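Everything on this sheet refers to the single structure shown next.
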Amino acid sequence: MREVLADVRRWYEAGERFAVATVVNTFKSAPRQPGASMAVSATGEVVGSVSGGCVEGAVYELGQQVIASGQPVLQTYGVSDDDAFAVGLTCGGTIDVFVEPVSRESFPELPEILSALDGSRPVAVATVVGSSGRIGARLLVWPDRRAGTLGSPRLDDAVADDVRGMLENSTTGMRRYGPDGERRGDDLAIFVQSYAPPPRMLVFGAIDFAAAVARVGKFLGYHVTVCDARAVFATRKRFPDADEVVVEWPHRYLARTGADARTVICVLTHDPKFDVPLLKVALRTPAAYIGAMGSRRTQDDRMKRLREEGLTLEELARLSSPIGLDIGARTPEETAISIAAEIVAHRWGGSGCRLSATDGPIHDSAASVRAGDRRQRPD
């Protein structure tokens, strides 16, 4: 919903009827992950994407049919073996797309979802998309309450418990249950779309590289904070793309605000008086990624100082330094792309290799690459 949010809000507030198509399941080399959305208005406008172009025309037509009938539909799109121009994913993947009609009458809870997104408050939507259930039935789940029903109190209880766990981890995907919430059942296919607040990117060091990293961090969907103890450098004018610019000693700021399992930390100061106290705190947080800028000589000195501070080998092994992937970057913008590439690869388990040098699915949710295909940068 995030990628089509502005148009969905506009259509809904204007009292228009429209359809929202959502990828709810993928197989093999699917181009978009579960949760990708496309919206179609009754007047013919279309926003978003469910396949990167492969089946958008067919989904558009189906959206118009759903608007007219008022009935949700689960449609599977797969590879076309006979005709590359026929409706299908010529990349070889298969996607299940759930298309549902939306209006003030059919989706009265939508303003609550929009309000939660506006306020960066977590909310999830569980929708019956298949099997013998009430197709299109919804249950909205917040950390402390819920609204709507999927058909029975027991089912609602079971789904709400599971969804809160998914929401905590910002997980979107399909779940299956029996008619009364039996977790071993397979009668109901329920798609859970989690809307957690954006993950945080903490950029320490108000240098020119930080401005480029903040810009690419926003592009990737992070809530970006730039922090530096030097007020003359840490200014809103120098970092217009950051959500926050904080003037504070980096280690004190991190100790005060903390980091969760979705946070990425980029240490760009390459100055021991900043780096060492900060990394001592950072490497003991559950942050998803911690990278530090500097030459190999700087890194060797940094590791020595951190060992003297009492950090263990296990803690030190979490540090990615020199930060980024080896793409030959020179400029701040190229370096930011290198850093972003390492963060994405770390998140999804990618190798950082050229795709032409790997085998297996390109769009793999596990993103695992065979050990023989992995490459290391030269020392």
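In the structure tokens, chains take the letters A, B, ... in the order shown, each chain's residues start at 1, and ligands count up from 1 in the order shown.
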
Notebook entry, point to check: Using the chain letters and numbers from this document, which residues of stretch 72-305 of chain A does DSSP assign to helix (DSSP H, G or I), as a ChimeraX atom specification?
Noted result: /A:110-118,153-168,208-219,250-257,272-282,296-305

Margin query: When DSSP is applied to the backbone of this structure, which of stretch 290-330 of chain A are assigned strand (DSSP E or B)? Write them out as a ChimeraX atom specification.
Written below: /A:290-292,319-320

Selection from above, C-alpha atoms, as a JSON list (two decimals), in the first residue's frame, can you write it?
```json
[["chain", "number", "residue", "atom", "x", "y", "z"],
["A", 290, "ILE", "CA", 27.20, -2.03, 11.21],
["A", 291, "GLY", "CA", 29.74, -0.62, 8.77],
["A", 292, "ALA", "CA", 32.65, 1.74, 9.28],
["A", 319, "LEU", "CA", 31.73, -5.02, 11.81],
["A", 320, "SER", "CA", 31.88, -4.45, 8.04]]
```

Note to self: as a list in words, please: the residues near stretch 223-235 of chain A (cut-off 6 Å, only C-alpha atoms, same-chain neighbours under 2 positions excluded).
What the structure shows: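 The residues that qualify are Pro198, Arg200, Met201, Leu202, Val203, Phe204, Gly205, Ala206, Lys237, Arg238, Ala242, Asp243, Glu244, Val245, Val246, Val247, Glu248 and Trp249 of chain A.
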
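Take the candidates A:Phe274, A:Tyr177, A:Phe107, A:Tyr195 and check each one against A:Ser120 using only C-alpha atoms; the shortest distance goes to A:Tyr195.
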
Notebook entry, point to check: What does the distance between atom CA of A:Leu220 and atom CA of A:Gln193 come to in Å, to one decimal place?
Noted result: 18.9 Å

Next item on the list: With a distance cut-off of 12 Å and only C-alpha atoms, select the neighbouring residues of A:Asp162, excluding the residue or stretch itself and same-chain residues fewer than 5 positions from it, and output the selection as a ChimeraX atom specification.
Entry: /A:124-126,141-143,155-157,167-169,171-177,181-183,190-192,194

Note to self: Taking 5 positions as the minimum chain separation for residues in the same chain, which residues sit within 7 Å of stretch 305-318 of chain A when counting only C-alpha atoms? Answer as a PyMOL selection string.
What the structure shows: chain A and resi 276+280+283-284+290

Same residues, N, CA, C and O atoms, output as a PDB file, in the first residue's frame:
```
ATOM      1  N   VAL A 276      35.801   4.726  18.072  1.00  0.00           N
ATOM      2  CA  VAL A 276      35.970   3.664  19.057  1.00  0.00           C
ATOM      3  C   VAL A 276      34.874   3.675  20.116  1.00  0.00           C
ATOM      4  O   VAL A 276      34.231   2.639  20.364  1.00  0.00           O
ATOM      5  N   LYS A 280      32.009   0.652  20.147  1.00  0.00           N
ATOM      6  CA  LYS A 280      31.896  -0.129  21.385  1.00  0.00           C
ATOM      7  C   LYS A 280      30.429  -0.284  21.785  1.00  0.00           C
ATOM      8  O   LYS A 280      30.003  -1.352  22.248  1.00  0.00           O
ATOM      9  N   LEU A 283      28.371  -2.274  18.447  1.00  0.00           N
ATOM     10  CA  LEU A 283      28.587  -3.710  18.268  1.00  0.00           C
ATOM     11  C   LEU A 283      27.938  -4.539  19.369  1.00  0.00           C
ATOM     12  O   LEU A 283      27.921  -5.774  19.272  1.00  0.00           O
ATOM     13  N   ARG A 284      27.393  -3.888  20.359  1.00  0.00           N
ATOM     14  CA  ARG A 284      26.673  -4.598  21.424  1.00  0.00           C
ATOM     15  C   ARG A 284      25.165  -4.355  21.353  1.00  0.00           C
ATOM     16  O   ARG A 284      24.437  -4.671  22.281  1.00  0.00           O
ATOM     17  N   ILE A 290      26.308  -3.058  10.675  1.00  0.00           N
ATOM     18  CA  ILE A 290      27.197  -2.030  11.212  1.00  0.00           C
ATOM     19  C   ILE A 290      28.408  -1.953  10.300  1.00  0.00           C
ATOM     20  O   ILE A 290      29.152  -2.933  10.134  1.00  0.00           O
TER      21      ILE A 290
END
```

Checklist line | Spatial neighbours of A:Ser295, max dist 9 Å, only C-alpha atoms, sep filter under 3 positions, as a list in words | finding: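 Here the qualifying residues turn out to be His270, Thr298, Gln299, Asp300, Ser321 and Pro322 of chain A.
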
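Between A:Lys218 and the residues A:Ala39, A:Ala259, A:Val55, A:Ala340, the shortest atom-to-atom distance, using only C-alpha atoms, involves A:Ala340.
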
Notebook entry, point to check: With distances taken over only C-alpha atoms, which of A:Tyr60, A:Trp11, A:Phe239, A:Tyr222 is nearest to A:Pro197?
Noted result: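 When distances to A:Pro197 are compared using only C-alpha atoms, the smallest one comes from A:Tyr222.
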
Next item on the list: Would you work out the distance separating atom CA of A:Leu140 from atom CA of A:Glu56, expressed in Å to one decimal?
Entry: 27.9 Å

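Distances to A:Ser37 were evaluated for A:Leu5, A:Ile207, A:Cys54, A:Val66 using only C-alpha atoms, and the minimum falls at A:Leu5.
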
Note to self: I'd like to know which of A:Ser338, A:Lys273, A:Ala282, A:Arg121 is closest to A:Thr257, using only C-alpha atoms.
What the structure shows: A:Ala282

Note to self: My list of candidates is A:Val123, A:Val344, A:Ala21, A:Leu114. Which is closest to A:Pro34 when distances are computed with only C-alpha atoms?
What the structure shows: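 With only C-alpha atoms as the atom set, the closest residue is A:Ala21.
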
Check: Any idea what the distance is between atom CA of A:Pro72 and atom CA of A:Glu13?
Finding: 21.3 Å
